[in-house]
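Heads up: the structure comes next, in structure tokens.
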Amino acid sequence: MGQRILITGGAGFIGSHTCLVLLEAGHELVVVDNFDNSSPEALRRVEELSERSALTVVEGDIRQPLVLDQAFRSRGAIDGVIHFAGLKAVGESVADPLRYWDVNLNGSRVLAAAMEQHGCRTLVFSSTSTVYGEPEQFPLREDMTTAPVHPYAQTKLAVEQMLEALCRSSSWRVACLRYFNPVGAHPSGQIGEDPLGVPNNLFPFITQVAAGRRDRLQVFGDDYPTNDGTGIRDYIHVMDLAEAHAVTLDHLLQQPVSSCLTLNIGTGTGLSVLDVVKGFETATGLTIPFDVVERRPGDVPRLQACPEQAKTVLGWTARRSLQEMCRDGWAWQQANPMGYRQPA
Ligand code: NAD
Ligand code: UDP
């Protein structure tokens with residue numbers, strides 16, 4: 001049966017894909033987003049793709065209790081919350097840590113208080129693989145040491161800890177999902193990642209080079225202790241990640257008592273920067289010119305998930321290949337050269 005789900009940050013990259021999966025599964029949604037890093041157009045397209053009209057948008061900031069109150073009252077009792085809203089740029093978090101603690105931690109605290117007030121204690125939280133810091137053993141299991149090295153990851157770990165405390169104090173059902181590197185787009189090419197300005201992340205940079213919007217890719221260092229010297233990450237198709245949220249929420253809603261899960265959401269496969277470049281070239285038939293430059297400060301050599309726990313607990317595994325990540329990300333870039341800022 002369809003549930004009523006509140007989604008914070010639902011207009012963003014991961015949120016929009018998750019909204020589509022949830023609408024297609026028959027749920028009703030209330031999205032709270034201040035469009036700080038997204039566009040209402042994403043949600044319009046999500047509804048269009050779903051061929052359903054079951055999404056209410058509340059524009060506003062999660063740090064404002066009145067905004068959340070409005071969201072909780074807008075469609076009737078909320079069964080569960082998926083909390084994507086937050087800031088995610090590592091460099092920016094170093095330059096402006098107070099903003100990160102305010103939006104990420106305080107925003108989550110205000111949200112949890114509103115949930116208490118409205119009698120909803122089921123929550124899926126967007127955490128990150130960067131809570132592991134600079135690990136030396138792979139693949140990463142959830143019980144391994146966390147040692148975040150920048151304010152972004154520190155705020156995410158602090159929220160995990162706040163939520164664990166809530167689960168100990170009363171009957172909350174919480175899942176903290178530690179995402180690895182989400183890439184790609186919905187196969188329709190209608191929704192995707194829409195970074196403002198010069199992309200920080202590898203994947204949107206590659207698609208913008210392919211589209212001629214940027215001249216060349218800069219590969220940040222080829223002297224890491226990896227197979228080809230470039231950094232290794234665990235890239236996951238955003239549709240696999242979106243589906244993981246739907247499965248997690250179903251799982252939580254079936255739990256009779258308080259439970260607090262922490263799960264890695266990745267594929268388990270580590271790919272170097274050059275593997276991704278080659279994969280993109282094979283998937284699209286294009287050439288990506290690149291230069292190797294200095295390491296980017298703060299980058300770690302390798303992050304790679306052990307995804308076994310998510311498989312055991314949720315019965316979920318990532319299914320989509322690097323080829324699909326590249327094909328779908330490229331389709332989105334081609335259909336939307338300027339993202340949501342121009343009509344497709
Ligand atoms: P995104 O920036 O595309 O989406 C975040 C959404 O939250 C945006 O729509 C933004 O407008 C909204 N938002 C930000 N601050 C808000 C506020 N104060 N009130 C209301 N809305 C607000 O980011 P994303 O890539 O979709 O990431 C979603 C979540 O997943 C974030 O919490 C991020 O930290 C986490 N995460 C992302 C990645 C990644 O690589 N994309 C990896 C690990 C974790
Ligand atoms: N990277 C790169 N050039 C870029 C952007 C990223 O070589 O323009 C590398 C980066 O050093 C890292 C990998 O690509 O090894 C993934 O970086 P991204 O920023 O996408 O993700 P994160 O660092 O958050 O894992």
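By convention here, the chains of the structure tokens are called A, B, ... in the order presented, each chain's residues are numbered starting at 1, and ligands are numbered starting at 1 in the order presented.
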Sorted per-residue table, chain A near ligand 2, closest atoms and distance, 8 Å, only C-alpha atoms and all ligand atoms, as JSON lines:
{"residue": "A:Val90", "atom": "CA", "partner": "ligand 2", "partner_atom_place_in_ligand_line": "24 (O)", "distance": 7.6}
{"residue": "A:Thr130", "atom": "CA", "partner": "ligand 2", "partner_atom_place_in_ligand_line": "25 (O)", "distance": 7.7}
{"residue": "A:Phe180", "atom": "CA", "partner": "ligand 2", "partner_atom_place_in_ligand_line": "25 (O)", "distance": 7.4}
{"residue": "A:Asn181", "atom": "CA", "partner": "ligand 2", "partner_atom_place_in_ligand_line": "25 (O)", "distance": 6.0}
{"residue": "A:Pro199", "atom": "CA", "partner": "ligand 2", "partner_atom_place_in_ligand_line": "8 (O)", "distance": 7.4}
{"residue": "A:Asn200", "atom": "CA", "partner": "ligand 2", "partner_atom_place_in_ligand_line": "19 (O)", "distance": 5.5}
{"residue": "A:Asn201", "atom": "CA", "partner": "ligand 2", "partner_atom_place_in_ligand_line": "20 (O)", "distance": 3.4}
{"residue": "A:Leu202", "atom": "CA", "partner": "ligand 2", "partner_atom_place_in_ligand_line": "5 (C)", "distance": 3.6}
{"residue": "A:Phe203", "atom": "CA", "partner": "ligand 2", "partner_atom_place_in_ligand_line": "20 (O)", "distance": 6.0}
{"residue": "A:Phe205", "atom": "CA", "partner": "ligand 2", "partner_atom_place_in_ligand_line": "8 (O)", "distance": 5.8}
{"residue": "A:Ile206", "atom": "CA", "partner": "ligand 2", "partner_atom_place_in_ligand_line": "8 (O)", "distance": 7.7}
{"residue": "A:Leu217", "atom": "CA", "partner": "ligand 2", "partner_atom_place_in_ligand_line": "8 (O)", "distance": 5.9}
{"residue": "A:Gln218", "atom": "CA", "partner": "ligand 2", "partner_atom_place_in_ligand_line": "3 (N)", "distance": 5.0}
{"residue": "A:Val219", "atom": "CA", "partner": "ligand 2", "partner_atom_place_in_ligand_line": "7 (O)", "distance": 3.4}
{"residue": "A:Phe220", "atom": "CA", "partner": "ligand 2", "partner_atom_place_in_ligand_line": "7 (O)", "distance": 3.9}
{"residue": "A:Gly221", "atom": "CA", "partner": "ligand 2", "partner_atom_place_in_ligand_line": "7 (O)", "distance": 6.9}
{"residue": "A:Thr230", "atom": "CA", "partner": "ligand 2", "partner_atom_place_in_ligand_line": "15 (O)", "distance": 6.4}
{"residue": "A:Gly231", "atom": "CA", "partner": "ligand 2", "partner_atom_place_in_ligand_line": "15 (O)", "distance": 3.6}
{"residue": "A:Ile232", "atom": "CA", "partner": "ligand 2", "partner_atom_place_in_ligand_line": "15 (O)", "distance": 5.7}
{"residue": "A:Arg233", "atom": "CA", "partner": "ligand 2", "partner_atom_place_in_ligand_line": "25 (O)", "distance": 6.1}
{"residue": "A:Ser272", "atom": "CA", "partner": "ligand 2", "partner_atom_place_in_ligand_line": "15 (O)", "distance": 7.2}
{"residue": "A:Val273", "atom": "CA", "partner": "ligand 2", "partner_atom_place_in_ligand_line": "14 (O)", "distance": 5.3}
{"residue": "A:Val292", "atom": "CA", "partner": "ligand 2", "partner_atom_place_in_ligand_line": "7 (O)", "distance": 7.9}
{"residue": "A:Arg295", "atom": "CA", "partner": "ligand 2", "partner_atom_place_in_ligand_line": "11 (O)", "distance": 6.7}
{"residue": "A:Arg296", "atom": "CA", "partner": "ligand 2", "partner_atom_place_in_ligand_line": "11 (O)", "distance": 5.9}
{"residue": "A:Asp299", "atom": "CA", "partner": "ligand 2", "partner_atom_place_in_ligand_line": "11 (O)", "distance": 5.8}
{"residue": "A:Val300", "atom": "CA", "partner": "ligand 2", "partner_atom_place_in_ligand_line": "15 (O)", "distance": 7.1}
{"residue": "A:Pro301", "atom": "CA", "partner": "ligand 2", "partner_atom_place_in_ligand_line": "15 (O)", "distance": 6.6}
{"residue": "A:Arg302", "atom": "CA", "partner": "ligand 2", "partner_atom_place_in_ligand_line": "15 (O)", "distance": 7.4}
{"residue": "A:Leu303", "atom": "CA", "partner": "ligand 2", "partner_atom_place_in_ligand_line": "25 (O)", "distance": 7.4}
Quick one: write out the picked residues with N, CA and C atoms as an mmCIF file, in the first residue's frame?
data_model
loop_
_atom_site.group_PDB
_atom_site.id
_atom_site.type_symbol
_atom_site.label_atom_id
_atom_site.label_comp_id
_atom_site.auth_asym_id
_atom_site.auth_seq_id
_atom_site.Cartn_x
_atom_site.Cartn_y
_atom_site.Cartn_z
ATOM 1 N N VAL A 90 32.949 19.692 -0.172
ATOM 2 C CA VAL A 90 34.004 19.525 0.832
ATOM 3 C C VAL A 90 34.808 20.818 1.018
ATOM 4 N N THR A 130 32.620 9.509 3.132
ATOM 5 C CA THR A 130 33.757 10.305 3.623
ATOM 6 C C THR A 130 33.856 10.271 5.154
ATOM 7 N N PHE A 180 28.427 6.015 -1.507
ATOM 8 C CA PHE A 180 29.739 6.176 -2.132
ATOM 9 C C PHE A 180 29.576 7.226 -3.251
ATOM 10 N N ASN A 181 29.975 7.007 -4.480
ATOM 11 C CA ASN A 181 29.946 8.114 -5.455
ATOM 12 C C ASN A 181 28.807 7.960 -6.459
ATOM 13 N N PRO A 199 31.965 22.133 -12.378
ATOM 14 C CA PRO A 199 31.699 20.973 -11.511
ATOM 15 C C PRO A 199 32.919 20.607 -10.656
ATOM 16 N N ASN A 200 32.657 20.275 -9.400
ATOM 17 C CA ASN A 200 33.706 19.771 -8.508
ATOM 18 C C ASN A 200 34.003 18.313 -8.792
ATOM 19 N N ASN A 201 32.982 17.593 -9.210
ATOM 20 C CA ASN A 201 33.070 16.133 -9.267
ATOM 21 C C ASN A 201 33.504 15.648 -10.634
ATOM 22 N N LEU A 202 34.124 14.487 -10.616
ATOM 23 C CA LEU A 202 34.700 13.920 -11.835
ATOM 24 C C LEU A 202 33.660 13.715 -12.937
ATOM 25 N N PHE A 203 32.556 13.093 -12.585
ATOM 26 C CA PHE A 203 31.646 12.630 -13.623
ATOM 27 C C PHE A 203 31.005 13.779 -14.421
ATOM 28 N N PHE A 205 32.163 16.669 -14.747
ATOM 29 C CA PHE A 205 33.230 17.346 -15.488
ATOM 30 C C PHE A 205 33.468 16.619 -16.813
ATOM 31 N N ILE A 206 33.512 15.285 -16.740
ATOM 32 C CA ILE A 206 33.742 14.499 -17.973
ATOM 33 C C ILE A 206 32.616 14.747 -18.982
ATOM 34 N N LEU A 217 39.811 17.628 -19.274
ATOM 35 C CA LEU A 217 39.704 17.170 -17.889
ATOM 36 C C LEU A 217 41.067 17.324 -17.217
ATOM 37 N N GLN A 218 41.057 17.729 -15.967
ATOM 38 C CA GLN A 218 42.284 17.689 -15.167
ATOM 39 C C GLN A 218 42.199 16.462 -14.281
ATOM 40 N N VAL A 219 43.169 15.587 -14.406
ATOM 41 C CA VAL A 219 43.222 14.404 -13.527
ATOM 42 C C VAL A 219 44.088 14.779 -12.336
ATOM 43 N N PHE A 220 43.472 14.727 -11.150
ATOM 44 C CA PHE A 220 44.157 15.227 -9.954
ATOM 45 C C PHE A 220 45.114 14.176 -9.371
ATOM 46 N N GLY A 221 46.289 14.091 -9.950
ATOM 47 C CA GLY A 221 47.347 13.244 -9.401
ATOM 48 C C GLY A 221 47.362 11.854 -10.003
ATOM 49 N N THR A 230 46.035 6.856 -10.202
ATOM 50 C CA THR A 230 44.955 7.836 -10.010
ATOM 51 C C THR A 230 43.991 7.327 -8.930
ATOM 52 N N GLY A 231 43.195 8.245 -8.383
ATOM 53 C CA GLY A 231 42.352 7.939 -7.229
ATOM 54 C C GLY A 231 41.265 6.916 -7.550
ATOM 55 N N ILE A 232 40.982 6.078 -6.579
ATOM 56 C CA ILE A 232 39.961 5.038 -6.766
ATOM 57 C C ILE A 232 38.713 5.382 -5.955
ATOM 58 N N ARG A 233 37.545 5.235 -6.606
ATOM 59 C CA ARG A 233 36.264 5.438 -5.933
ATOM 60 C C ARG A 233 35.295 4.328 -6.347
ATOM 61 N N SER A 272 39.437 3.533 -10.959
ATOM 62 C CA SER A 272 40.334 4.689 -10.942
ATOM 63 C C SER A 272 39.761 5.779 -11.848
ATOM 64 N N VAL A 273 40.338 6.969 -11.743
ATOM 65 C CA VAL A 273 39.898 8.070 -12.622
ATOM 66 C C VAL A 273 40.064 7.650 -14.086
ATOM 67 N N VAL A 292 47.275 15.396 -16.628
ATOM 68 C CA VAL A 292 47.480 15.040 -15.225
ATOM 69 C C VAL A 292 48.062 16.264 -14.522
ATOM 70 N N ARG A 295 47.850 16.694 -7.218
ATOM 71 C CA ARG A 295 46.771 16.144 -6.395
ATOM 72 C C ARG A 295 45.864 17.277 -5.905
ATOM 73 N N ARG A 296 44.595 16.983 -5.718
ATOM 74 C CA ARG A 296 43.682 17.977 -5.143
ATOM 75 C C ARG A 296 43.785 17.872 -3.618
ATOM 76 N N ASP A 299 42.020 15.140 -1.039
ATOM 77 C CA ASP A 299 41.584 13.887 -1.667
ATOM 78 C C ASP A 299 42.254 12.686 -1.010
ATOM 79 N N VAL A 300 41.520 11.609 -0.866
ATOM 80 C CA VAL A 300 42.107 10.372 -0.353
ATOM 81 C C VAL A 300 42.354 9.437 -1.538
ATOM 82 N N PRO A 301 43.335 8.524 -1.418
ATOM 83 C CA PRO A 301 43.665 7.653 -2.558
ATOM 84 C C PRO A 301 42.501 6.752 -2.975
ATOM 85 N N ARG A 302 41.768 6.245 -1.958
ATOM 86 C CA ARG A 302 40.820 5.193 -2.323
ATOM 87 C C ARG A 302 39.639 5.154 -1.352
ATOM 88 N N LEU A 303 38.444 4.954 -1.893
ATOM 89 C CA LEU A 303 37.254 4.645 -1.091
ATOM 90 C C LEU A 303 36.502 3.557 -1.841
#
What are the nearest atom pairs, with distances in Å to one decimal, for all residues of chain A that come at most 9 Å from ligand 1, using only C-alpha atoms and all ligand atoms, set out by chain and rising residue number as a tab-separated table?
residue	atom	partner	partner_atom_place_in_ligand_line	distance
A:Thr8	CA	ligand 1	21 (N)	6.1
A:Gly9	CA	ligand 1	7 (O)	3.4
A:Gly10	CA	ligand 1	9 (O)	5.8
A:Ala11	CA	ligand 1	9 (O)	4.3
A:Gly12	CA	ligand 1	3 (O)	3.4
A:Phe13	CA	ligand 1	26 (O)	3.7
A:Ile14	CA	ligand 1	26 (O)	3.8
A:Gly15	CA	ligand 1	26 (O)	5.3
A:Ser16	CA	ligand 1	26 (O)	7.5
A:His17	CA	ligand 1	26 (O)	8.8
A:Val32	CA	ligand 1	20 (C)	6.0
A:Asp33	CA	ligand 1	21 (N)	3.7
A:Asn34	CA	ligand 1	20 (C)	4.3
A:Phe35	CA	ligand 1	11 (O)	3.5
A:Asp36	CA	ligand 1	11 (O)	3.8
A:Asn37	CA	ligand 1	11 (O)	3.9
A:Ser38	CA	ligand 1	9 (O)	4.4
A:Ser39	CA	ligand 1	9 (O)	7.2
A:Pro40	CA	ligand 1	9 (O)	8.7
A:Glu59	CA	ligand 1	20 (C)	7.7
A:Gly60	CA	ligand 1	20 (C)	5.8
A:Asp61	CA	ligand 1	19 (N)	3.5
A:Ile62	CA	ligand 1	19 (N)	4.1
A:Arg63	CA	ligand 1	18 (N)	5.9
A:Gln64	CA	ligand 1	19 (N)	8.3
A:His83	CA	ligand 1	32 (O)	7.2
A:Phe84	CA	ligand 1	29 (C)	4.1
A:Ala85	CA	ligand 1	7 (O)	3.4
A:Gly86	CA	ligand 1	14 (C)	4.2
A:Leu87	CA	ligand 1	34 (O)	5.5
A:Lys88	CA	ligand 1	34 (O)	4.2
A:Ala89	CA	ligand 1	34 (O)	8.0
A:Asp102	CA	ligand 1	18 (N)	8.6
A:Val103	CA	ligand 1	18 (N)	5.3
A:Asn104	CA	ligand 1	32 (O)	7.5
A:Gly107	CA	ligand 1	18 (N)	6.4
A:Phe125	CA	ligand 1	32 (O)	7.9
A:Ser126	CA	ligand 1	30 (O)	4.7
A:Ser127	CA	ligand 1	44 (C)	5.1
A:Thr128	CA	ligand 1	43 (C)	4.0
A:Ser129	CA	ligand 1	43 (C)	6.5
A:Thr130	CA	ligand 1	43 (C)	7.6
A:Tyr152	CA	ligand 1	34 (O)	7.8
A:Ala153	CA	ligand 1	34 (O)	8.6
A:Lys156	CA	ligand 1	34 (O)	7.6
A:Leu177	CA	ligand 1	44 (C)	8.3
A:Arg178	CA	ligand 1	43 (C)	6.6
A:Tyr179	CA	ligand 1	43 (C)	4.6
A:Phe180	CA	ligand 1	42 (C)	5.9
A:Asn181	CA	ligand 1	40 (O)	5.0
A:Pro182	CA	ligand 1	40 (O)	5.3
A:Val183	CA	ligand 1	40 (O)	7.7
A:Glu193	CA	ligand 1	3 (O)	6.9
A:Asp194	CA	ligand 1	3 (O)	7.3
A:Pro195	CA	ligand 1	3 (O)	7.6
A:Asn201	CA	ligand 1	40 (O)	7.9
A:Val238	CA	ligand 1	41 (N)	9.0
Alpha helix (DSSP H) per DSSP on the backbone: members of range 108-239 of chain A, as a ChimeraX atom specification: /A:108-117,151-169,202-210,238-239
Suppose we keep C-alpha atoms; can you now write the selection as an mmCIF file, in the first residue's frame?
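This went into out24.cif:
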data_model
loop_
_atom_site.group_PDB
_atom_site.id
_atom_site.type_symbol
_atom_site.label_atom_id
_atom_site.label_comp_id
_atom_site.auth_asym_id
_atom_site.auth_seq_id
_atom_site.Cartn_x
_atom_site.Cartn_y
_atom_site.Cartn_z
ATOM 1 C CA SER A 108 18.705 17.701 10.996
ATOM 2 C CA ARG A 109 18.017 18.556 14.639
ATOM 3 C CA VAL A 110 15.101 20.838 13.704
ATOM 4 C CA LEU A 111 13.770 18.110 11.423
ATOM 5 C CA ALA A 112 14.002 15.427 14.128
ATOM 6 C CA ALA A 113 12.201 17.722 16.588
ATOM 7 C CA ALA A 114 9.403 18.318 14.058
ATOM 8 C CA MET A 115 9.147 14.565 13.492
ATOM 9 C CA GLU A 116 8.788 13.991 17.260
ATOM 10 C CA GLN A 117 6.125 16.668 17.393
ATOM 11 C CA PRO A 151 33.717 19.670 8.330
ATOM 12 C CA TYR A 152 31.367 18.187 5.711
ATOM 13 C CA ALA A 153 32.067 14.615 6.841
ATOM 14 C CA GLN A 154 32.202 15.689 10.498
ATOM 15 C CA THR A 155 28.686 17.154 10.294
ATOM 16 C CA LYS A 156 27.374 13.953 8.687
ATOM 17 C CA LEU A 157 28.926 11.746 11.364
ATOM 18 C CA ALA A 158 27.534 14.042 14.066
ATOM 19 C CA VAL A 159 24.024 13.621 12.625
ATOM 20 C CA GLU A 160 24.492 9.831 12.572
ATOM 21 C CA GLN A 161 25.427 10.017 16.258
ATOM 22 C CA MET A 162 22.471 12.249 17.098
ATOM 23 C CA LEU A 163 20.127 9.784 15.400
ATOM 24 C CA GLU A 164 21.695 6.792 17.177
ATOM 25 C CA ALA A 165 21.046 8.576 20.476
ATOM 26 C CA LEU A 166 17.416 9.128 19.478
ATOM 27 C CA CYS A 167 17.016 5.410 18.722
ATOM 28 C CA ARG A 168 18.404 4.599 22.168
ATOM 29 C CA SER A 169 16.126 7.120 23.865
ATOM 30 C CA LEU A 202 34.700 13.920 -11.835
ATOM 31 C CA PHE A 203 31.646 12.630 -13.623
ATOM 32 C CA PRO A 204 29.846 15.894 -14.508
ATOM 33 C CA PHE A 205 33.230 17.346 -15.488
ATOM 34 C CA ILE A 206 33.742 14.499 -17.973
ATOM 35 C CA THR A 207 30.279 14.923 -19.506
ATOM 36 C CA GLN A 208 30.866 18.683 -19.862
ATOM 37 C CA VAL A 209 34.206 18.044 -21.612
ATOM 38 C CA ALA A 210 32.428 15.570 -23.893
ATOM 39 C CA VAL A 238 21.973 7.146 -9.107
ATOM 40 C CA MET A 239 18.992 4.916 -9.998
#
Distance of CA of Glu41 in chain A from CA of Glu28 in chain A, expressed in Å to one decimal place: 18.8 Å
Nearest residue to Thr284 in chain A from the set A:Cys326, A:Leu22, A:Val247, A:Ala71 (distances using only C-alpha atoms): A:Cys326
Of the listed residues A:Asn106, A:Gln254, A:Thr226, A:Ser170, that which approaches Leu274 in chain A most closely, counting only C-alpha atoms: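 Distance minimum relative to Leu274 in chain A lands on A:Thr226.
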DSSP strand (DSSP E) selection over range 69-227 of chain A, as an MDAnalysis selection string: chainID A and resid 80:83 122:128 173:179 181:183 217:220
Residue subset to file, keeping N, CA and C atoms, as a CSV table (one decimal), in the first residue's frame:
chain,number,residue,atom,x,y,z
A,80,GLY,N,6.9,8.3,6.9
A,80,GLY,CA,8.3,8.3,7.0
A,80,GLY,C,8.9,9.4,6.3
A,81,VAL,N,10.2,9.7,6.7
A,81,VAL,CA,10.9,10.8,6.1
A,81,VAL,C,12.2,10.4,5.5
A,82,ILE,N,12.6,10.9,4.3
A,82,ILE,CA,13.9,10.7,3.8
A,82,ILE,C,14.6,12.1,3.7
A,83,HIS,N,15.7,12.2,4.4
A,83,HIS,CA,16.3,13.5,4.6
A,83,HIS,C,17.6,13.7,3.8
A,122,THR,N,10.3,7.6,11.8
A,122,THR,CA,10.9,6.7,10.8
A,122,THR,C,11.7,7.6,9.8
A,123,LEU,N,13.0,7.4,9.8
A,123,LEU,CA,13.8,8.3,9.0
A,123,LEU,C,15.0,7.6,8.3
A,124,VAL,N,15.1,8.0,7.0
A,124,VAL,CA,16.3,7.6,6.2
A,124,VAL,C,17.2,8.8,6.0
A,125,PHE,N,18.4,8.7,6.4
A,125,PHE,CA,19.3,9.9,6.4
A,125,PHE,C,20.5,9.7,5.4
A,126,SER,N,20.8,10.7,4.6
A,126,SER,CA,21.9,10.7,3.6
A,126,SER,C,23.2,10.9,4.3
A,127,SER,N,24.0,9.9,4.6
A,127,SER,CA,25.3,10.1,5.1
A,127,SER,C,26.3,9.8,3.9
A,128,THR,N,27.5,9.7,4.2
A,128,THR,CA,28.6,9.7,3.2
A,128,THR,C,29.7,8.8,3.5
A,173,ARG,N,13.0,4.6,14.2
A,173,ARG,CA,13.5,3.6,13.3
A,173,ARG,C,14.3,4.4,12.3
A,174,VAL,N,15.6,4.2,12.3
A,174,VAL,CA,16.5,5.1,11.5
A,174,VAL,C,17.4,4.3,10.6
A,175,ALA,N,17.7,4.7,9.4
A,175,ALA,CA,18.7,4.2,8.6
A,175,ALA,C,19.6,5.3,8.1
A,176,CYS,N,20.9,5.2,8.4
A,176,CYS,CA,21.9,6.1,7.9
A,176,CYS,C,22.6,5.4,6.7
A,177,LEU,N,22.4,6.0,5.6
A,177,LEU,CA,23.0,5.4,4.4
A,177,LEU,C,24.2,6.1,4.0
A,178,ARG,N,25.3,5.4,4.0
A,178,ARG,CA,26.6,6.0,3.6
A,178,ARG,C,26.8,5.8,2.2
A,179,TYR,N,26.5,6.8,1.4
A,179,TYR,CA,26.6,6.7,-0.1
A,179,TYR,C,28.1,6.8,-0.5
A,181,ASN,N,30.0,7.0,-4.5
A,181,ASN,CA,29.9,8.1,-5.5
A,181,ASN,C,28.8,8.0,-6.5
A,182,PRO,N,27.7,8.6,-6.2
A,182,PRO,CA,26.6,8.5,-7.2
A,182,PRO,C,26.8,9.3,-8.5
A,183,VAL,N,26.5,8.6,-9.6
A,183,VAL,CA,26.7,9.2,-10.9
A,183,VAL,C,25.6,8.8,-11.8
A,217,LEU,N,39.8,17.6,-19.3
A,217,LEU,CA,39.7,17.2,-17.9
A,217,LEU,C,41.1,17.3,-17.2
A,218,GLN,N,41.1,17.7,-16.0
A,218,GLN,CA,42.3,17.7,-15.2
A,218,GLN,C,42.2,16.5,-14.3
A,219,VAL,N,43.2,15.6,-14.4
A,219,VAL,CA,43.2,14.4,-13.5
A,219,VAL,C,44.1,14.8,-12.3
A,220,PHE,N,43.5,14.7,-11.2
A,220,PHE,CA,44.2,15.2,-10.0
A,220,PHE,C,45.1,14.2,-9.4
CA of Gly192 in chain A to CA of Leu43 in chain A, distance in Å rounded to a single decimal: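 Computing it gives 11.4 Å between the two atoms.
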Residue neighbourhood Gln137 in chain A, 12 Å, only C-alpha atoms, exclusion window fewer than 4 positions, as a list in words: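 The residues satisfying every condition are Tyr132, Gly133, Arg141, Met144, Thr145, Pro301, Arg302, Leu303, Gln304, Ala305 and Cys306 of chain A.
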Any chance you could export the current selection's N, CA, C and O atoms as a PDB file, in the first residue's frame?
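So the final result, stored in out_4.pdb, reads:
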ATOM      1  N   TYR A 132      34.589   7.788   6.700  1.00  0.00           N
ATOM      2  CA  TYR A 132      35.693   6.860   6.987  1.00  0.00           C
ATOM      3  C   TYR A 132      37.054   7.559   6.965  1.00  0.00           C
ATOM      4  O   TYR A 132      38.069   6.942   7.328  1.00  0.00           O
ATOM      5  N   GLY A 133      37.087   8.804   6.486  1.00  0.00           N
ATOM      6  CA  GLY A 133      38.349   9.548   6.496  1.00  0.00           C
ATOM      7  C   GLY A 133      39.331   9.001   5.482  1.00  0.00           C
ATOM      8  O   GLY A 133      39.002   8.877   4.299  1.00  0.00           O
ATOM      9  N   ARG A 141      33.966  -1.710   5.686  1.00  0.00           N
ATOM     10  CA  ARG A 141      32.773  -2.220   6.370  1.00  0.00           C
ATOM     11  C   ARG A 141      32.275  -1.168   7.354  1.00  0.00           C
ATOM     12  O   ARG A 141      33.050  -0.365   7.871  1.00  0.00           O
ATOM     13  N   MET A 144      34.030  -0.423  10.641  1.00  0.00           N
ATOM     14  CA  MET A 144      35.407   0.096  10.657  1.00  0.00           C
ATOM     15  C   MET A 144      35.429   1.519  11.233  1.00  0.00           C
ATOM     16  O   MET A 144      34.411   2.208  11.277  1.00  0.00           O
ATOM     17  N   THR A 145      36.623   1.939  11.604  1.00  0.00           N
ATOM     18  CA  THR A 145      36.779   3.244  12.267  1.00  0.00           C
ATOM     19  C   THR A 145      36.291   4.386  11.384  1.00  0.00           C
ATOM     20  O   THR A 145      36.586   4.421  10.188  1.00  0.00           O
ATOM     21  N   PRO A 301      43.335   8.524  -1.418  1.00  0.00           N
ATOM     22  CA  PRO A 301      43.665   7.653  -2.558  1.00  0.00           C
ATOM     23  C   PRO A 301      42.501   6.752  -2.975  1.00  0.00           C
ATOM     24  O   PRO A 301      42.262   6.546  -4.154  1.00  0.00           O
ATOM     25  N   ARG A 302      41.768   6.245  -1.958  1.00  0.00           N
ATOM     26  CA  ARG A 302      40.820   5.193  -2.323  1.00  0.00           C
ATOM     27  C   ARG A 302      39.639   5.154  -1.352  1.00  0.00           C
ATOM     28  O   ARG A 302      39.827   5.314  -0.138  1.00  0.00           O
ATOM     29  N   LEU A 303      38.444   4.954  -1.893  1.00  0.00           N
ATOM     30  CA  LEU A 303      37.254   4.645  -1.091  1.00  0.00           C
ATOM     31  C   LEU A 303      36.502   3.557  -1.841  1.00  0.00           C
ATOM     32  O   LEU A 303      36.214   3.708  -3.041  1.00  0.00           O
ATOM     33  N   GLN A 304      36.195   2.491  -1.159  1.00  0.00           N
ATOM     34  CA  GLN A 304      35.534   1.356  -1.826  1.00  0.00           C
ATOM     35  C   GLN A 304      34.729   0.595  -0.786  1.00  0.00           C
ATOM     36  O   GLN A 304      35.261   0.201   0.249  1.00  0.00           O
ATOM     37  N   ALA A 305      33.447   0.408  -1.086  1.00  0.00           N
ATOM     38  CA  ALA A 305      32.528  -0.176  -0.098  1.00  0.00           C
ATOM     39  C   ALA A 305      32.609  -1.688  -0.047  1.00  0.00           C
ATOM     40  O   ALA A 305      32.854  -2.343  -1.068  1.00  0.00           O
ATOM     41  N   CYS A 306      32.338  -2.215   1.134  1.00  0.00           N
ATOM     42  CA  CYS A 306      31.854  -3.590   1.220  1.00  0.00           C
ATOM     43  C   CYS A 306      30.329  -3.473   1.275  1.00  0.00           C
ATOM     44  O   CYS A 306      29.790  -2.933   2.244  1.00  0.00           O
TER      45      CYS A 306
END
Closest of A:His245, A:His251, A:Arg44, A:Arg214 to Thr312 in chain A - atom-to-atom distances counting only C-alpha atoms: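 Of all the options, A:His251 lies closest to Thr312 in chain A.
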